[in-house]
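J.: Supplied structure: protein_33.csv, CSV, C-alpha atoms.
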chain,number,residue,atom,x,y,z
V,1,MET,CA,-104.8,51.2,-49.7
V,2,ILE,CA,-108.0,49.3,-49.5
V,3,LYS,CA,-110.3,50.3,-52.3
V,4,LYS,CA,-113.8,51.1,-51.3
V,5,ARG,CA,-116.4,49.5,-53.4
V,6,LEU,CA,-120.1,50.0,-53.1
V,7,THR,CA,-122.3,47.5,-54.8
V,8,ILE,CA,-125.7,48.7,-55.7
V,9,LEU,CA,-128.2,45.8,-56.3
V,10,ILE,CA,-131.0,46.9,-58.4
V,11,ILE,CA,-134.0,44.6,-58.8
V,12,CYS,CA,-136.5,46.0,-61.3
V,13,LEU,CA,-139.5,44.9,-63.3
V,14,ILE,CA,-139.0,44.6,-67.0
V,15,SER,CA,-141.8,47.0,-67.5
V,16,PHE,CA,-139.8,49.7,-65.7
V,17,LEU,CA,-136.7,49.3,-67.8
V,18,GLY,CA,-137.9,51.8,-70.3
V,19,PHE,CA,-137.4,54.5,-67.7
V,20,ALA,CA,-133.7,53.9,-67.4
V,21,GLN,CA,-131.6,57.0,-68.3
V,22,LYS,CA,-130.7,57.3,-72.0
V,23,ASN,CA,-127.8,59.2,-73.6
V,24,GLU,CA,-129.8,62.5,-73.7
V,25,ASP,CA,-130.6,62.2,-70.0
V,26,LYS,CA,-126.9,61.7,-69.3
V,27,LYS,CA,-125.9,64.7,-71.3
V,28,LYS,CA,-128.4,66.8,-69.4
V,29,LEU,CA,-127.1,65.4,-66.1
V,30,THR,CA,-123.5,66.3,-67.2
V,31,GLN,CA,-124.6,69.8,-68.0
V,32,GLU,CA,-126.5,70.3,-64.8
V,33,LEU,CA,-123.7,69.0,-62.6
V,34,SER,CA,-121.1,70.9,-64.5
V,35,GLU,CA,-123.0,74.1,-64.1
V,36,ASN,CA,-123.1,73.5,-60.3
V,37,ALA,CA,-119.4,72.8,-60.3
V,38,CYS,CA,-118.8,76.0,-62.4
V,39,LYS,CA,-120.6,78.0,-59.7
V,40,CYS,CA,-118.3,76.5,-57.2
V,41,VAL,CA,-115.2,77.4,-59.2
V,42,ASP,CA,-116.6,80.9,-59.6
V,43,SER,CA,-116.5,81.3,-55.8
V,44,ILE,CA,-112.8,80.5,-55.6
V,45,GLU,CA,-110.4,83.3,-54.6
V,46,ILE,CA,-107.8,83.0,-57.3
V,47,PHE,CA,-105.6,86.1,-56.7
V,48,ASN,CA,-102.9,86.5,-54.1
V,49,ARG,CA,-102.8,82.7,-53.6
V,50,ASN,CA,-100.4,79.9,-54.4
V,51,LYS,CA,-100.9,78.1,-57.6
V,52,SER,CA,-101.2,74.7,-55.8
V,53,ASP,CA,-104.0,76.0,-53.6
V,54,VAL,CA,-106.0,77.3,-56.5
V,55,ILE,CA,-105.6,74.1,-58.4
V,56,LYS,CA,-106.6,72.1,-55.3
V,57,ASP,CA,-109.8,74.1,-54.9
V,58,ILE,CA,-110.7,73.7,-58.6
V,59,HIS,CA,-110.3,69.9,-58.3
V,60,GLY,CA,-112.4,70.0,-55.1
V,61,CYS,CA,-115.3,71.7,-57.0
V,62,ILE,CA,-115.2,69.1,-59.8
V,63,ASP,CA,-114.8,66.2,-57.4
V,64,LYS,CA,-117.8,67.4,-55.4
V,65,TYR,CA,-120.1,66.5,-58.3
V,66,THR,CA,-118.2,63.7,-59.9
V,67,GLY,CA,-119.8,61.0,-57.8
V,68,ALA,CA,-123.3,62.0,-59.0
V,69,LEU,CA,-122.2,61.9,-62.6
V,70,GLN,CA,-120.6,58.6,-62.0
V,71,LEU,CA,-123.8,57.1,-60.6
V,72,GLY,CA,-125.8,58.6,-63.4
V,73,SER,CA,-123.5,57.0,-65.9
V,74,LEU,CA,-124.0,53.7,-64.2
V,75,LEU,CA,-127.8,54.0,-64.2
V,76,SER,CA,-127.7,54.7,-67.9
V,77,THR,CA,-126.4,51.2,-68.5
V,78,VAL,CA,-129.2,49.5,-66.7
V,79,ASP,CA,-131.2,49.0,-70.0
V,80,GLU,CA,-128.3,47.3,-71.7
V,81,LEU,CA,-127.3,45.2,-68.8
V,82,SER,CA,-130.8,44.0,-68.2
V,83,LYS,CA,-130.7,42.1,-71.5
V,84,THR,CA,-128.2,39.6,-70.1
V,85,ALA,CA,-129.1,39.9,-66.4
V,86,PRO,CA,-130.4,36.8,-64.6
V,87,GLU,CA,-134.1,36.6,-63.7
V,88,VAL,CA,-135.1,36.0,-60.1
V,89,ASN,CA,-138.7,35.4,-59.3
V,90,GLY,CA,-139.8,36.9,-62.5
V,91,LYS,CA,-137.7,40.0,-62.0
V,92,LYS,CA,-134.5,41.1,-63.7
V,93,GLN,CA,-131.6,41.4,-61.3
V,94,VAL,CA,-129.0,44.0,-62.3
V,95,ASN,CA,-125.8,44.5,-60.4
V,96,LEU,CA,-124.1,47.9,-60.6
V,97,ASN,CA,-120.6,48.4,-59.1
V,98,PHE,CA,-120.2,52.0,-57.9
V,99,ASN,CA,-116.4,52.4,-57.2
V,100,THR,CA,-115.7,55.2,-54.8
V,101,ASP,CA,-111.9,54.9,-55.3
V,102,LYS,CA,-110.7,58.1,-57.0
V,103,ASP,CA,-107.9,56.2,-58.8
V,104,SER,CA,-110.4,53.9,-60.4
V,105,LYS,CA,-111.1,54.1,-64.1
V,106,GLN,CA,-114.8,54.6,-63.4
V,107,TYR,CA,-114.3,57.7,-61.3
V,108,THR,CA,-111.6,59.1,-63.6
V,109,GLU,CA,-113.8,58.8,-66.7
V,110,SER,CA,-116.6,60.7,-65.0
V,111,TYR,CA,-114.2,63.4,-63.6
V,112,ASN,CA,-112.6,63.9,-67.0
V,113,GLU,CA,-116.0,64.1,-68.7
V,114,MET,CA,-117.1,66.9,-66.4
V,115,GLU,CA,-113.8,68.7,-66.7
V,116,ARG,CA,-113.9,68.6,-70.5
V,117,TYR,CA,-117.4,70.0,-70.5
V,118,MET,CA,-116.5,72.7,-68.1
V,119,MET,CA,-113.4,73.7,-70.1
V,120,LYS,CA,-115.7,74.4,-73.0
V,121,ASN,CA,-118.6,75.9,-71.2
V,122,CYS,CA,-117.4,77.4,-67.9
V,123,PRO,CA,-115.6,80.8,-68.2
V,124,SER,CA,-114.8,80.7,-64.5
V,125,LEU,CA,-112.8,77.5,-64.8
V,126,LYS,CA,-110.9,78.9,-67.8
V,127,LYS,CA,-110.1,82.1,-65.9
V,128,ALA,CA,-109.0,80.2,-62.8
V,129,VAL,CA,-106.8,77.8,-64.7
V,130,ASN,CA,-105.2,80.6,-66.7
V,131,VAL,CA,-104.4,82.6,-63.6
V,132,ALA,CA,-103.1,79.5,-61.7
V,133,GLU,CA,-100.9,78.5,-64.7
V,134,SER,CA,-99.5,82.0,-65.0
V,135,LYS,CA,-98.4,82.0,-61.3
V,136,ILE,CA,-94.7,81.5,-60.7
V,137,GLU,CA,-93.6,80.3,-57.3
V,138,LYS,CA,-91.1,83.1,-56.5
V,139,VAL,CA,-90.5,81.8,-53.0
V,140,THR,CA,-88.9,78.4,-52.1
V,141,LYS,CA,-90.0,75.4,-50.1
V,142,ASN,CA,-86.4,74.4,-49.7
V,143,GLU,CA,-85.5,75.1,-46.0
V,144,GLU,CA,-81.8,75.3,-46.6
V,145,ALA,CA,-82.3,77.8,-49.5
V,146,LEU,CA,-84.6,79.8,-47.3
V,147,ASP,CA,-82.0,79.9,-44.5
V,148,PHE,CA,-79.3,81.2,-46.8
V,149,TYR,CA,-81.7,83.7,-48.2
V,150,HIS,CA,-82.4,85.2,-44.8
V,151,LYS,CA,-78.7,85.3,-44.0
V,152,ALA,CA,-78.2,87.2,-47.2
V,153,ILE,CA,-81.0,89.7,-46.2
V,154,GLU,CA,-79.3,90.3,-42.9
V,155,ALA,CA,-75.9,90.9,-44.6
V,156,SER,CA,-77.5,93.3,-47.0
V,157,LYS,CA,-79.0,95.3,-44.2
V,158,LYS,CA,-75.4,95.8,-43.0
V,159,GLU,CA,-74.4,96.6,-46.6
V,160,ASP,CA,-72.0,93.6,-46.4
V,161,TRP,CA,-72.6,92.8,-50.1
V,162,ILE,CA,-69.9,90.2,-50.3
V,163,GLU,CA,-71.4,88.2,-47.5
V,164,ALA,CA,-74.8,88.7,-49.0
V,165,ILE,CA,-73.6,87.4,-52.4
V,166,LYS,CA,-72.1,84.3,-50.8
V,167,ASN,CA,-75.5,83.4,-49.2
V,168,TYR,CA,-77.6,84.3,-52.2
V,169,GLU,CA,-75.3,82.0,-54.3
V,170,LYS,CA,-75.8,79.2,-51.8
V,171,ALA,CA,-79.6,79.8,-51.9
V,172,VAL,CA,-79.9,79.5,-55.7
V,173,LYS,CA,-77.6,76.5,-55.6
V,174,LYS,CA,-80.0,74.8,-53.3
V,175,ASP,CA,-83.0,75.9,-55.3
V,176,PRO,CA,-82.2,77.1,-58.8
V,177,SER,CA,-85.8,78.2,-59.3
V,178,TYR,CA,-85.7,80.7,-56.4
V,179,THR,CA,-86.4,83.9,-58.3
V,180,TYR,CA,-86.3,86.3,-55.4
V,181,ALA,CA,-82.8,85.0,-54.6
V,182,TRP,CA,-81.7,85.5,-58.2
V,183,ASP,CA,-83.2,89.0,-58.2
V,184,ASN,CA,-81.4,90.1,-55.0
V,185,LEU,CA,-78.2,88.4,-56.1
V,186,GLY,CA,-78.3,90.6,-59.2
V,187,ILE,CA,-78.7,93.7,-57.0
V,188,CYS,CA,-75.8,92.8,-54.8
V,189,TYR,CA,-73.5,92.1,-57.8
V,190,ARG,CA,-74.5,95.6,-59.1
V,191,ARG,CA,-73.6,97.1,-55.7
V,192,VAL,CA,-70.0,95.7,-55.9
V,193,GLY,CA,-69.6,96.7,-59.6
V,194,GLU,CA,-70.0,93.2,-61.0
V,195,PHE,CA,-72.4,94.3,-63.7
V,196,ASP,CA,-72.0,91.3,-66.0
V,197,LYS,CA,-72.8,88.9,-63.1
V,198,ALA,CA,-75.7,91.1,-62.1
V,199,ILE,CA,-77.1,90.9,-65.6
V,200,ASP,CA,-76.6,87.2,-65.7
V,201,ALA,CA,-78.5,86.8,-62.4
V,202,TYR,CA,-81.4,88.9,-63.7
V,203,LYS,CA,-81.6,86.8,-66.9
V,204,LYS,CA,-81.7,83.6,-64.9
V,205,SER,CA,-84.6,85.0,-62.9
V,206,LEU,CA,-86.4,85.9,-66.2
V,207,LYS,CA,-86.0,82.4,-67.5
V,208,ILE,CA,-88.0,81.2,-64.5
V,209,ASP,CA,-90.5,84.1,-64.6
V,210,PRO,CA,-90.4,86.0,-68.0
V,211,LYS,CA,-92.7,88.6,-66.5
V,212,GLY,CA,-90.7,89.4,-63.4
V,213,LYS,CA,-90.8,93.1,-62.8
V,214,MET,CA,-87.5,93.4,-60.8
V,215,PRO,CA,-85.2,91.8,-63.4
V,216,LEU,CA,-87.0,93.6,-66.3
V,217,GLN,CA,-86.4,96.9,-64.5
V,218,ASN,CA,-82.9,96.3,-63.4
V,219,ILE,CA,-81.3,94.8,-66.5
V,220,PRO,CA,-81.3,98.2,-68.3
V,221,ILE,CA,-80.0,99.9,-65.2
V,222,ALA,CA,-77.2,97.3,-65.0
V,223,TYR,CA,-76.3,98.0,-68.6
V,224,ILE,CA,-76.2,101.7,-67.9
V,225,TYR,CA,-73.9,101.3,-64.9
V,226,LYS,CA,-71.7,98.9,-67.0
V,227,LYS,CA,-71.4,101.4,-69.8
V,228,GLY,CA,-70.6,104.3,-67.4
V,229,ASN,CA,-68.0,102.1,-65.7
V,230,VAL,CA,-66.4,101.3,-69.0
V,231,VAL,CA,-66.2,105.0,-70.0
V,232,LYS,CA,-64.8,105.9,-66.6
V,233,ASN,CA,-62.1,103.2,-66.8
V,234,SER,CA,-61.1,104.3,-70.2
V,235,TRP,CA,-60.1,107.7,-69.0
For this file, write the structure as structure tokens.
T.:
Amino acid sequence: MIKKRLTILIICLISFLGFAQKNEDKKKLTQELSENACKCVDSIEIFNRNKSDVIKDIHGCIDKYTGALQLGSLLSTVDELSKTAPEVNGKKQVNLNFNTDKDSKQYTESYNEMERYMMKNCPSLKKAVNVAESKIEKVTKNEEALDFYHKAIEASKKEDWIEAIKNYEKAVKKDPSYTYAWDNLGICYRRVGEFDKAIDAYKKSLKIDPKGKMPLQNIPIAYIYKKGNVVKNSW
């Protein structure tokens, strides 16, 4: 990847150097840009969306204003750089390299600076991050796992629980983090009286998503069925 580099050549009179941005100016700039980025984050729809999409939008809001902060940070160094800058025709010549590559140290430092400020001062960012981090991907991006899942669904509609179990087991083998498959596998095991296996499937789902409603609701039911089955078989 060819890194884009924009070189800004600033030729300024010595008498104008006193107007270069100082630390206080940079802090003010960071605050103003971060507040704008915060408004952007506040407009993000954070519910009923994938975690990755929310995070992408958050990064987009911060990225939108990072370049301005990056440039402001560069300008704040003009005063110091001018001390050793060459003089051409009685004027100081200061070269500032503005790196537009997002992998560059220059860009990363400005991005991180704004992100740190926002994490302390932007409630919208904190809320968006917390919601995004609490999201568990219950579905799968594994096409094979998804195919087995749909086959299991079709088998369940026909009440062919054994066939459904086979396909759900294949689905979680392809993607062990597929919570929906674990949940439904537990239901199918319960249907055929395999209560211990049902409970185990629900527990595996809970390891992935500790707040999963289906396993939390079904584990007690499975234990009740198991207890009733033990009593029945003891007669």
J.: For a quick check of understanding, using only C-alpha atoms, which of V:Pro215, V:Asp63, V:Ala128, V:Cys188 has the smallest distance to V:Lys157?
T.: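 Ranked by minimum distance to V:Lys157, first place goes to V:Cys188.
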J.: Between V:Glu87, V:Glu113, V:Asp209, V:Asp200, single out the one closest to V:Ser177, counting only C-alpha atoms.
T.: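 That would be V:Asp209, the residue with the smallest distance to V:Ser177.
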J.: Find the nearest atom pair between each residue of stretch 120-222 of chain V and stretch 23-35 of chain V for residues within 12 Å, count only C-alpha atoms, give distances in Å to one decimal, sort rows by chain and ascending number, and present the table as a Markdown table.
T.:
| residue | atom | partner | partner_atom | distance |
| --- | --- | --- | --- | --- |
| V:Lys120 | CA | V:Ser34 | CA | 10.7 |
| V:Asn121 | CA | V:Glu35 | CA | 8.5 |
| V:Cys122 | CA | V:Glu35 | CA | 7.5 |
| V:Pro123 | CA | V:Glu35 | CA | 10.8 |
| V:Ser124 | CA | V:Glu35 | CA | 10.5 |
| V:Leu125 | CA | V:Ser34 | CA | 10.6 |
J.: For the selection just defined, write its residues with C-alpha atoms to a file, as a PDB file, in the coordinates of the input.
T.:
ATOM      1  CA  LYS V 120    -115.700  74.400 -73.000  1.00  0.00           C
ATOM      2  CA  ASN V 121    -118.600  75.900 -71.200  1.00  0.00           C
ATOM      3  CA  CYS V 122    -117.400  77.400 -67.900  1.00  0.00           C
ATOM      4  CA  PRO V 123    -115.600  80.800 -68.200  1.00  0.00           C
ATOM      5  CA  SER V 124    -114.800  80.700 -64.500  1.00  0.00           C
ATOM      6  CA  LEU V 125    -112.800  77.500 -64.800  1.00  0.00           C
TER       7      LEU V 125
END
J.: Of the residues V:Thr140, V:Gln70, V:Lys211, V:Val129, which is the one nearest to V:Thr100, using all atoms listed in the file?
T.: V:Gln70
J.: For a cutoff of 10 Å around the file-coordinate point (-75.5, 80.9, -51.9), which residues qualify once you count only C-alpha atoms? I'd like the result as a VMD selection string.
T.: chain V and resid 144 to 145 147 to 149 151 to 152 163 to 175 181 to 182 185
J.: Starting from the sparse input, extend stretch 159-170 of chain V to N, CA, C and O atoms and give the output as a short mmCIF file (atom, residue, chain, number, x, y, z; two decimals), in the coordinates of the input.
T.:
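Saved file out-v1.cif follows:
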data_model
loop_
_atom_site.label_atom_id
_atom_site.label_comp_id
_atom_site.auth_asym_id
_atom_site.auth_seq_id
_atom_site.Cartn_x
_atom_site.Cartn_y
_atom_site.Cartn_z
N GLU V 159 -75.09 96.23 -45.34
CA GLU V 159 -74.40 96.60 -46.60
C GLU V 159 -73.09 95.78 -46.72
O GLU V 159 -72.10 96.23 -47.30
N ASP V 160 -73.14 94.56 -46.22
CA ASP V 160 -72.00 93.60 -46.40
C ASP V 160 -72.37 92.81 -47.66
O ASP V 160 -72.83 91.67 -47.60
N TRP V 161 -72.13 93.42 -48.82
CA TRP V 161 -72.60 92.80 -50.10
C TRP V 161 -71.85 91.54 -50.42
O TRP V 161 -72.46 90.64 -51.02
N ILE V 162 -70.60 91.42 -50.04
CA ILE V 162 -69.90 90.20 -50.30
C ILE V 162 -70.46 89.00 -49.59
O ILE V 162 -70.66 87.92 -50.15
N GLU V 163 -70.78 89.23 -48.30
CA GLU V 163 -71.40 88.20 -47.50
C GLU V 163 -72.80 87.84 -48.04
O GLU V 163 -73.21 86.67 -48.08
N ALA V 164 -73.51 88.88 -48.46
CA ALA V 164 -74.80 88.70 -49.00
C ALA V 164 -74.76 87.84 -50.30
O ALA V 164 -75.55 86.91 -50.50
N ILE V 165 -73.79 88.17 -51.14
CA ILE V 165 -73.60 87.40 -52.40
C ILE V 165 -73.33 85.96 -52.13
O ILE V 165 -73.90 85.07 -52.77
N LYS V 166 -72.48 85.69 -51.16
CA LYS V 166 -72.10 84.30 -50.80
C LYS V 166 -73.40 83.51 -50.45
O LYS V 166 -73.58 82.37 -50.87
N ASN V 167 -74.25 84.13 -49.65
CA ASN V 167 -75.50 83.40 -49.20
C ASN V 167 -76.52 83.32 -50.28
O ASN V 167 -77.21 82.30 -50.36
N TYR V 168 -76.65 84.35 -51.11
CA TYR V 168 -77.60 84.30 -52.20
C TYR V 168 -77.16 83.17 -53.21
O TYR V 168 -77.99 82.43 -53.76
N GLU V 169 -75.85 83.08 -53.43
CA GLU V 169 -75.30 82.00 -54.30
C GLU V 169 -75.63 80.65 -53.78
O GLU V 169 -75.96 79.73 -54.52
N LYS V 170 -75.51 80.51 -52.46
CA LYS V 170 -75.80 79.20 -51.80
C LYS V 170 -77.31 78.93 -51.93
O LYS V 170 -77.71 77.77 -52.11
#
